[in-house]
Each structure stands twice: as C-alpha cells, then as structure tokens.
Amino acid sequence: MKAQTSKEIVRYNVEKFVTEDYWIGVGFTLLSWISSFIMSVAMFLSFTLIIVLVDLYTGRLAAKHRGEAIQSHKYRNTVRKFILYMVGILISELFVRTFSLPIPLTYMVAGVISLTEIKSIFENIETVTGVRLWSYVGERLTRLILRRWN
C-alpha cells in the first residue's frame, strides 16, 4: 500500500467533497430546515393570505361602488403588501427562535397585521353597505372589557 502525502489526501477529499452526493445531502438538509420553519408559521401565513384576498375583493367592490376605475397597480400593491406581511411574520419567528424570546412576538405581529386587514375589510363593507361594523365591534368590545374590569 502506497503512502499518500498530505497534499494527495487533501486533493482527494476536496474532489470527493465537490463531486459526491454531499451537496444533495446539504440541499435536503437546508430544504427540510426551511420547510419546518415555514410550517411552524403556516397558519399565520395562510390566514394572512385569506384576509388579504378578502380585503382585495371587498376593496374592489368598494371601488366599484364609488365609481372608481379598477387599476392594475392596485393589484401589484396587494401582492407587495402580502409579501411584506409574510416577511414580517417570518422575520419575527426567526427573531424569536434565534434569541429564545419568552414573548409571543410572532403572534403579536400576525395580530397587528390581521387587525389592520380586518379594519380595512370593515371599511370596505361600510362603503358598500353603509353598515359601520368597525364601530359596532369596537363598542361591543369596549363594553365587554369594561364589564370584566369592574
């Protein structure tokens, strides 16, 4: 058996590292980590998608009711908004995991996003129907909270 020099050993290992199935393993490892990360916030992302689509639909109805023309840049804004919402949720979850925070930051971020979209949906419904849902819900919640605190 021939003794190999350290240079030959390094060359052999580098060639094996670059050419073998190593990168397939790395790729699958990364893919599984990313998918497990996304799956942990999938409900937030799904709910965000649903309320953004509902907001888009009710916004279109409200614009039609006001007699405004439907413009493609508003659809682009909706896509941009959804992407930014997803980034916000993913970054907050990454922040929580990285620093092991004891606070539910992802829930808070998703909650703020949801409330923003729900308020927009209620405003659109008010434009079309005249029913002031946001005021009604706000008054009911205020009464409920005051009743529990007293």
# chains A, B, ... in the order shown; residues from 1 in each chain; ligands from 1
call {"tool": "residues_around", "arguments": {"residues": "A:Thr116", "least_positions_apart": "4", "cutoff": "12 Å", "atoms": "only C-alpha atoms", "output": "VMD selection string"}}
result
chain A and resid 48 51 to 52 55 81 85 109 to 112 120 to 123 134
call {"tool": "write_last_selection", "arguments": {"atoms": "C-alpha atoms", "output": "compact mmCIF listing (two decimals), in the first residue's frame"}}
result
# COMPACT_ATOMS: atom_id res chain seq x y z
CA THR A 48 -52.80 36.42 6.17
CA ILE A 51 -57.64 38.15 4.74
CA VAL A 52 -55.53 39.94 2.12
CA ASP A 55 -59.58 42.75 1.53
CA LYS A 81 -48.36 44.08 0.80
CA TYR A 85 -46.63 40.73 5.62
CA VAL A 109 -47.02 40.68 14.59
CA ALA A 110 -49.66 38.45 12.99
CA GLY A 111 -52.29 40.03 15.24
CA VAL A 112 -51.39 43.56 14.18
CA SER A 120 -59.77 47.66 6.01
CA ILE A 121 -62.32 44.95 5.19
CA PHE A 122 -64.87 46.51 7.56
CA GLU A 123 -64.28 49.94 6.00
CA TRP A 134 -65.80 48.52 12.98
call {"tool": "residues_around", "arguments": {"residues": "A:Val96", "least_positions_apart": "5", "cutoff": "8 Å", "atoms": "only C-alpha atoms", "output": "number ranges by chain"}}
result
A: 101-106
call {"tool": "write_last_selection", "arguments": {"atoms": "C-alpha atoms", "output": "CSV table (one decimal), in the first residue's frame"}}
result
chain,number,residue,atom,x,y,z
A,101,LEU,CA,-37.6,35.0,23.5
A,102,PRO,CA,-40.3,34.2,26.1
A,103,ILE,CA,-42.7,36.6,24.4
A,104,PRO,CA,-45.1,35.6,21.6
A,105,LEU,CA,-43.7,38.1,19.1
A,106,THR,CA,-44.9,36.2,16.1
call {"tool": "closest_atom_pairs", "arguments": {"of": "stretch 73-133 of chain A", "to": "stretch 22-46 of chain A", "cutoff": "8 Å", "atoms": "only C-alpha atoms", "output": "JSON lines"}}
result
{"residue": "A:Met86", "atom": "CA", "partner": "A:Leu45", "partner_atom": "CA", "distance": 6.3}
{"residue": "A:Ile89", "atom": "CA", "partner": "A:Phe44", "partner_atom": "CA", "distance": 7.5}
{"residue": "A:Leu90", "atom": "CA", "partner": "A:Val41", "partner_atom": "CA", "distance": 7.4}
{"residue": "A:Glu93", "atom": "CA", "partner": "A:Val41", "partner_atom": "CA", "distance": 7.6}
{"residue": "A:Ala110", "atom": "CA", "partner": "A:Phe44", "partner_atom": "CA", "distance": 6.4}
call {"tool": "write_last_selection", "arguments": {"atoms": "C-alpha atoms", "output": "PDB file, in the first residue's frame"}}
result
ATOM      1  CA  MET A  86     -45.093  37.288   5.035  1.00  0.00           C
ATOM      2  CA  ILE A  89     -44.161  37.107  10.127  1.00  0.00           C
ATOM      3  CA  LEU A  90     -41.141  35.025   9.082  1.00  0.00           C
ATOM      4  CA  GLU A  93     -40.455  33.953  14.100  1.00  0.00           C
ATOM      5  CA  ALA A 110     -49.661  38.449  12.995  1.00  0.00           C
TER       6      ALA A 110
END
call {"tool": "closest_residue", "arguments": {"among": "A:Thr58, A:Ser92, A:Ser6, A:Thr19", "to": "A:Asn124", "atoms": "only C-alpha atoms"}}
result
A:Thr58
